[in-house]
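J.: Below is start.cif; it holds mmCIF, C-alpha atoms.
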data_structure
#
loop_
_atom_site.label_atom_id
_atom_site.label_comp_id
_atom_site.auth_asym_id
_atom_site.auth_seq_id
_atom_site.Cartn_x
_atom_site.Cartn_y
_atom_site.Cartn_z
CA SER A 1 118.04 52.78 108.50
CA PHE A 2 114.61 52.97 110.11
CA ILE A 3 111.02 53.83 109.32
CA SER A 4 107.98 55.04 111.22
CA PRO A 5 104.40 54.44 110.10
CA ASP A 6 103.44 57.97 111.22
CA HIS A 7 105.90 60.70 112.19
CA ILE A 8 104.01 63.90 111.30
CA ALA A 9 101.22 65.29 113.50
CA CYS A 10 99.38 68.50 114.32
CA ASP A 11 98.72 67.99 118.03
CA THR A 12 100.26 66.65 121.21
CA PRO A 13 100.80 64.24 122.85
CA PHE A 14 102.01 62.29 119.81
CA THR A 15 103.47 58.79 120.03
CA VAL A 16 105.81 57.65 117.27
CA SER A 17 106.82 54.01 116.68
CA PHE A 18 110.28 53.42 115.20
CA ASN A 19 111.25 50.27 113.33
CA ASP A 20 114.78 49.18 112.41
CA THR A 21 114.61 47.97 108.81
CA ILE A 22 117.62 45.60 108.99
CA SER A 23 117.20 42.41 111.01
CA SER A 24 120.93 41.54 111.25
CA HIS A 25 121.70 44.20 113.85
CA ASN A 26 122.22 43.00 117.38
CA SER A 27 122.37 46.30 119.32
CA TRP A 28 120.60 49.62 118.98
CA SER A 29 120.98 53.10 120.42
CA TRP A 30 118.19 55.56 119.68
CA ILE A 31 118.07 59.31 120.41
CA PHE A 32 114.66 60.85 119.74
CA GLY A 33 115.72 64.52 119.65
CA ASP A 34 113.47 65.38 122.60
CA PRO A 35 115.80 66.34 125.49
CA SER A 36 112.96 67.74 127.56
CA SER A 37 111.75 64.15 128.05
CA GLY A 38 114.82 63.30 130.11
CA ALA A 39 115.83 59.65 130.19
CA ALA A 40 112.95 58.77 127.86
CA ASP A 41 114.83 60.57 125.05
CA SER A 42 116.87 57.43 124.35
CA SER A 43 116.28 53.69 123.97
CA ILE A 44 118.24 50.47 123.31
CA LEU A 45 115.25 48.53 122.01
CA GLN A 46 115.13 47.36 118.39
CA ASN A 47 111.72 48.88 117.70
CA PRO A 48 110.92 51.48 120.37
CA SER A 49 108.27 54.17 120.63
CA HIS A 50 108.47 57.67 122.02
CA THR A 51 105.77 60.14 123.07
CA TYR A 52 106.33 63.80 122.24
CA HIS A 53 104.59 66.41 124.40
CA SER A 54 105.60 69.63 122.64
CA PHE A 55 105.34 71.14 119.18
CA GLY A 56 108.39 71.35 116.96
CA TYR A 57 110.75 69.55 114.60
CA PHE A 58 112.73 66.70 116.12
CA PRO A 59 115.83 64.92 114.71
CA VAL A 60 116.08 61.18 115.30
CA THR A 61 119.35 59.26 115.46
CA LEU A 62 119.88 55.49 115.34
CA ALA A 63 123.28 53.86 115.96
CA VAL A 64 123.47 50.11 115.35
CA THR A 65 126.08 47.39 115.76
CA ASP A 66 126.10 44.14 113.82
CA ALA A 67 127.38 40.69 114.80
CA PHE A 68 130.91 41.59 113.68
CA GLY A 69 131.08 44.67 115.87
CA CYS A 70 130.72 47.08 112.99
CA ARG A 71 128.90 50.26 113.99
CA SER A 72 126.80 52.54 111.80
CA THR A 73 124.88 55.73 112.61
CA ALA A 74 122.07 57.47 110.79
CA THR A 75 120.49 60.81 111.69
CA PHE A 76 117.34 62.19 110.08
CA ALA A 77 116.94 65.92 110.66
CA ALA A 78 113.43 67.13 111.51
CA TYR A 79 112.18 63.56 111.16
CA VAL A 80 109.33 63.99 113.64
CA GLN A 81 107.23 67.04 112.85
CA ILE A 82 104.51 68.20 115.22
CA VAL A 83 103.15 71.45 113.84
CA LYS A 84 99.95 73.12 114.96
CA PRO A 85 97.85 74.55 112.10
CA VAL A 86 97.97 78.33 111.71
CA ILE A 87 94.68 79.94 110.72
CA ASP A 88 93.47 83.38 109.72
CA PHE A 89 90.39 84.83 108.03
CA THR A 90 89.37 88.04 106.30
CA ARG A 91 86.21 89.91 105.38
CA PRO A 92 85.73 92.74 102.87
CA ASP A 93 84.35 95.51 105.11
CA SER A 94 81.78 96.53 107.68
CA GLY A 95 78.38 97.79 106.53
CA CYS A 96 74.65 98.17 106.99
CA VAL A 97 71.96 96.02 108.57
CA GLY A 98 70.80 93.43 106.07
CA SER A 99 74.13 93.31 104.25
CA THR A 100 75.73 89.99 103.37
CA PHE A 101 79.46 89.55 103.90
CA THR A 102 81.81 86.81 102.69
CA PHE A 103 84.46 85.54 105.10
CA ASN A 104 87.51 83.72 103.74
CA ALA A 105 89.70 81.39 105.80
CA ASN A 106 93.39 80.79 105.25
CA VAL A 107 94.92 77.69 106.86
CA VAL A 108 98.54 76.54 106.90
CA SER A 109 98.68 72.98 108.18
CA PRO A 110 101.79 71.16 106.94
CA ALA A 111 101.26 68.13 109.19
CA ASP A 112 97.67 67.55 108.10
CA PRO A 113 96.65 69.78 105.17
CA THR A 114 93.19 68.25 104.77
CA ILE A 115 90.62 70.44 106.54
CA THR A 116 87.34 68.62 107.04
CA ASP A 117 85.33 71.36 108.72
CA TYR A 118 85.19 75.13 109.11
CA THR A 119 82.81 76.30 111.84
CA TRP A 120 82.02 80.02 112.16
CA VAL A 121 80.42 81.93 115.05
CA PHE A 122 79.31 85.49 114.27
CA THR A 123 78.01 86.32 117.77
CA ASP A 124 74.83 87.88 116.39
CA GLY A 125 72.47 85.33 117.90
CA THR A 126 72.37 83.03 114.87
CA GLY A 127 74.48 80.22 116.35
CA PRO A 128 77.40 78.31 114.83
CA HIS A 129 77.55 77.92 111.05
CA SER A 130 79.54 75.14 109.38
CA SER A 131 80.77 75.57 105.82
CA GLY A 132 81.95 71.95 105.69
CA ASN A 133 85.30 71.64 103.97
CA VAL A 134 84.82 74.94 102.10
CA PRO A 135 87.06 77.73 103.47
CA SER A 136 84.62 80.59 102.78
CA ILE A 137 81.14 81.44 103.98
CA SER A 138 78.60 84.23 103.40
CA HIS A 139 76.55 85.59 106.27
CA THR A 140 73.82 88.25 106.53
CA PHE A 141 73.78 90.47 109.62
CA ASN A 142 70.30 91.68 110.60
CA THR A 143 71.23 93.28 113.93
CA VAL A 144 73.02 96.52 114.78
CA GLY A 145 76.23 95.98 116.72
CA ILE A 146 79.98 95.41 116.79
CA PHE A 147 80.55 91.67 116.59
CA PRO A 148 83.50 89.39 117.28
CA VAL A 149 83.92 86.51 114.83
CA THR A 150 85.28 83.06 115.70
CA LEU A 151 86.54 80.35 113.36
CA THR A 152 87.29 76.76 114.39
CA ILE A 153 88.89 74.36 111.91
CA THR A 154 89.15 70.58 112.16
CA THR A 155 91.69 68.50 110.26
CA SER A 156 91.25 64.96 108.96
CA SER A 157 93.24 63.63 111.93
CA GLY A 158 91.01 65.46 114.42
CA CYS A 159 93.21 68.46 115.25
CA THR A 160 91.26 71.61 116.03
CA VAL A 161 92.36 75.25 116.13
CA THR A 162 90.22 78.25 117.06
CA LEU A 163 90.75 81.93 116.27
CA THR A 164 88.59 84.79 117.59
CA LYS A 165 88.85 88.35 116.28
CA PRO A 166 87.20 90.76 118.74
CA ALA A 167 85.08 93.67 117.46
CA TYR A 168 85.77 92.40 113.96
CA ILE A 169 82.74 93.58 112.02
CA LYS A 170 80.58 96.67 112.55
CA ILE A 171 76.92 96.69 111.48
CA GLY A 172 74.82 99.87 111.61
CA THR A 173 71.88 101.71 110.11
CA LYS A 174 72.25 104.44 107.50
CA PRO A 175 72.65 107.97 108.93
CA ASN A 176 71.76 111.23 107.15
CA ALA A 177 74.91 113.16 106.22
CA ASN A 178 74.87 116.95 106.50
CA PHE A 179 77.30 119.75 107.33
CA SER A 180 77.85 123.50 107.33
CA ALA A 181 80.95 125.56 106.52
CA THR A 182 81.99 129.11 107.37
CA PRO A 183 83.13 131.31 105.74
CA LEU A 184 82.31 130.23 102.20
CA SER A 185 84.42 132.90 100.50
CA ILE A 186 87.99 133.35 101.74
CA CYS A 187 91.31 134.78 100.76
CA PHE A 188 94.33 132.71 99.84
CA LYS A 189 95.67 130.68 102.83
CA GLU A 190 92.68 131.39 105.05
CA ASN A 191 90.82 128.68 106.95
CA VAL A 192 87.29 127.30 106.76
CA GLN A 193 85.56 125.72 109.75
CA PHE A 194 83.43 122.69 108.87
CA THR A 195 80.72 121.48 111.26
CA ASP A 196 79.13 118.06 111.10
CA LEU A 197 75.31 118.25 111.25
CA SER A 198 74.62 114.59 110.49
CA ALA A 199 71.77 112.79 112.24
CA PRO A 200 70.61 110.73 113.97
CA PRO A 201 73.38 110.04 116.47
CA PRO A 202 75.54 108.20 117.09
CA ILE A 203 77.83 108.92 114.16
CA THR A 204 80.93 106.75 114.54
CA GLY A 205 83.14 107.94 111.70
CA TRP A 206 83.77 110.84 109.30
CA ARG A 207 85.62 111.17 105.99
CA TRP A 208 85.99 114.65 104.50
CA ASP A 209 87.23 115.61 101.02
CA PHE A 210 87.79 119.36 100.77
CA GLY A 211 88.09 119.42 96.97
CA ASP A 212 91.68 120.70 96.90
CA GLY A 213 93.37 117.36 97.59
CA GLY A 214 93.02 117.74 101.35
CA SER A 215 91.06 115.37 103.59
CA SER A 216 90.24 114.70 107.24
CA THR A 217 88.65 112.10 109.52
CA ALA A 218 87.85 114.59 112.31
CA GLN A 219 84.23 115.32 113.17
CA ASN A 220 84.52 119.12 112.85
CA PRO A 221 87.75 119.91 110.96
CA ASN A 222 89.32 123.28 110.22
CA HIS A 223 90.96 123.42 106.80
CA GLN A 224 93.27 125.93 105.10
CA TYR A 225 92.95 126.47 101.34
CA ASN A 226 96.12 127.27 99.42
CA ILE A 227 94.76 127.25 95.85
CA ASP A 228 93.20 130.28 94.15
CA THR A 229 89.83 129.71 92.44
CA SER A 230 89.16 133.34 91.48
CA GLY A 231 90.14 132.68 87.88
CA THR A 232 88.13 129.46 87.51
CA ALA A 233 84.46 128.82 86.83
CA ASP A 234 83.98 126.24 89.62
CA PRO A 235 84.84 126.78 93.29
CA PHE A 236 85.71 123.76 95.45
CA ASP A 237 83.22 120.93 95.99
CA VAL A 238 83.25 119.46 99.51
CA THR A 239 82.26 115.86 100.27
CA LEU A 240 81.40 114.31 103.63
CA ILE A 241 80.88 110.59 104.22
CA VAL A 242 79.58 109.67 107.67
CA PHE A 243 79.32 106.21 109.20
CA TYR A 244 77.29 104.51 111.88
CA ASN A 245 79.12 101.27 112.68
CA GLY A 246 80.41 101.08 109.12
CA CYS A 247 77.12 101.94 107.39
CA PRO A 248 77.76 105.08 105.27
CA ASP A 249 75.90 108.04 103.86
CA THR A 250 77.41 110.69 101.57
CA ILE A 251 76.68 114.35 100.89
CA VAL A 252 78.39 116.56 98.30
CA GLN A 253 77.99 120.34 98.39
CA ASN A 254 79.05 121.58 94.96
CA ASN A 255 80.90 124.87 94.31
CA LEU A 256 80.97 125.53 98.05
CA ILE A 257 84.29 127.22 98.82
CA THR A 258 85.66 130.15 96.82
CA VAL A 259 89.28 131.21 97.34
CA LEU A 260 89.92 134.78 96.22
CA GLY A 261 93.15 136.30 94.87
CA PRO A 262 95.43 138.02 94.55
CA ILE A 263 98.16 135.57 95.44
CA PRO A 264 101.51 137.25 96.15
CA ASP A 265 104.33 136.21 93.85
CA PHE A 266 107.55 137.68 92.45
CA SER A 267 110.54 136.83 90.31
CA THR A 268 114.15 137.95 90.32
CA VAL A 269 116.18 139.17 87.29
CA TYR A 270 119.93 139.43 87.74
CA ASN A 271 121.90 142.15 85.88
CA CYS A 272 125.54 141.17 85.99
CA ALA A 273 126.64 144.34 84.07
CA SER A 274 125.82 146.59 87.01
#
With the file now loaded, output its structure as structure tokens.
T.:
Amino acid sequence: SFISPDHIACDTPFTVSFNDTISSHNSWSWIFGDPSSGAADSSILQNPSHTYHSFGYFPVTLAVTDAFGCRSTATFAAYVQIVKPVIDFTRPDSGCVGSTFTFNANVVSPADPTITDYTWVFTDGTGPHSSGNVPSISHTFNTVGIFPVTLTITTSSGCTVTLTKPAYIKIGTKPNANFSATPLSICFKENVQFTDLSAPPPITGWRWDFGDGGSSTAQNPNHQYNIDTSGTADPFDVTLIVFYNGCPDTIVQNNLITVLGPIPDFSTVYNCAS
């Protein structure tokens, strides 16, 4: 049997001290489960140490012999664990200048689960922001742009991990949504051409709802209507949402598209007598 005062870490190099817990042994044979270290992977000392230079889970084996020549072996699977923290973070959405967004970090750090610092860089000229040991932070963007976001975490044992997400959040100013459509009155299964007239440029995204269950993200879509509105009081409403770097504006043109009948249809009646 053996013990180690510290055999779990989150960074390399990591030196582990091993101590035989029974003093009556008179020979020892250690294997540290680290074959990449060559000859250093084994020792015949009573209380050796070994330095690990790679991440992973390492089994450790100790074979001992006592004064009577009796031999005993013990192996502890995954005894030494050197596991780098894995980090991620999320944010709700992009938006408009002056908007405040909350970023939430998620850290998996089995070797050292205590996170002492979260430092965020939003690349908008405001410098690093520490949220201490709190995994979330709120930040207001006052500049138009597409910004990468970087998070660095520090564990209680001093391990650090950094994650950068490029072009992660888009901040824009509100555009003015507008569009035209032609023709406005069509027959069943005819097409309508929609033209984006939103200003000022640049418009960076479009979301159309044609009122019949159809949609599009094209700038100037062409849409076919397959539902007759001639027998209803309300033709189709059409909605356009436009974005500049995630900042939206919406326009709805009510009762815009009328689809006229008749719609061809038929049924079949079988007469088995004839």
J.: Tell me which protein, DNA and RNA residues are within 6 Å of Gly205 in chain A, counting only C-alpha atoms, leaving out same-chain ones fewer than 2 positions away, and put them as a PyMOL selection string.
T.: chain A and resi 203+242-243
J.: Can you turn the PyMOL selection byres ((chain A and resi 189-196) around 6) into a concrete residue list for this file, as a PyMOL selection string?
T.: chain A and resi 179-183+187-188+197-198+220-226
J.: Selection in question (the file shown): the PyMOL selection byres ((chain A and resi 214) around 12). Which residues does it include, as a ChimeraX atom specification?
T.: /A:207-213,215-217,221-227,236-239
J.: Given all atoms listed in the file as the basis, pick out the residue of A:Phe14, A:Phe2, A:Tyr52, A:Phe103 nearest to Trp120 in chain A.
T.: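 Closest candidate: A:Phe103.
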J.: Counting only C-alpha atoms, figure out which residue out of A:Cys247, A:Ile171, A:Cys159, A:Val259 gets nearest to Thr12 in chain A.
T.: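 Looking at the shortest contact to Thr12 in chain A, the residue is A:Cys159.
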J.: Report as a Markdown table the residues of range 39-149 of chain A within 8 Å of range 161-169 of chain A, each with its shortest atom pair and distance in Å (one decimal), using all atoms listed in the file, ordered by chain and increasing residue number.
T.:
| residue | atom | partner | partner_atom | distance |
| --- | --- | --- | --- | --- |
| A:Lys84 | CA | A:Val161 | CA | 8.0 |
| A:Pro85 | CA | A:Val161 | CA | 6.8 |
| A:Val86 | CA | A:Val161 | CA | 7.8 |
| A:Ile87 | CA | A:Leu163 | CA | 7.1 |
| A:Asp88 | CA | A:Leu163 | CA | 7.2 |
| A:Asp93 | CA | A:Ile169 | CA | 7.4 |
| A:Ser94 | CA | A:Ile169 | CA | 5.3 |
| A:Ile146 | CA | A:Ala167 | CA | 5.4 |
| A:Phe147 | CA | A:Ala167 | CA | 5.0 |
| A:Pro148 | CA | A:Pro166 | CA | 4.2 |
| A:Val149 | CA | A:Lys165 | CA | 5.5 |
J.: Mind writing the picked residues with C-alpha atoms as an mmCIF file, keeping the file's coordinate frame?
T.:
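Produced file result39.cif, reproduced below:
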data_model
loop_
_atom_site.group_PDB
_atom_site.id
_atom_site.type_symbol
_atom_site.label_atom_id
_atom_site.label_comp_id
_atom_site.auth_asym_id
_atom_site.auth_seq_id
_atom_site.Cartn_x
_atom_site.Cartn_y
_atom_site.Cartn_z
ATOM 1 C CA LYS A 84 99.950 73.120 114.960
ATOM 2 C CA PRO A 85 97.850 74.550 112.100
ATOM 3 C CA VAL A 86 97.970 78.330 111.710
ATOM 4 C CA ILE A 87 94.680 79.940 110.720
ATOM 5 C CA ASP A 88 93.470 83.380 109.720
ATOM 6 C CA ASP A 93 84.350 95.510 105.110
ATOM 7 C CA SER A 94 81.780 96.530 107.680
ATOM 8 C CA ILE A 146 79.980 95.410 116.790
ATOM 9 C CA PHE A 147 80.550 91.670 116.590
ATOM 10 C CA PRO A 148 83.500 89.390 117.280
ATOM 11 C CA VAL A 149 83.920 86.510 114.830
#
J.: Excluding Thr114 in chain A and residues on its chain fewer than 4 positions from it, collect all residues at most 10 Å away from it, counting all atoms listed in the file, and give them as number ranges by chain.
T.: A: 107, 109-110, 133, 154-157
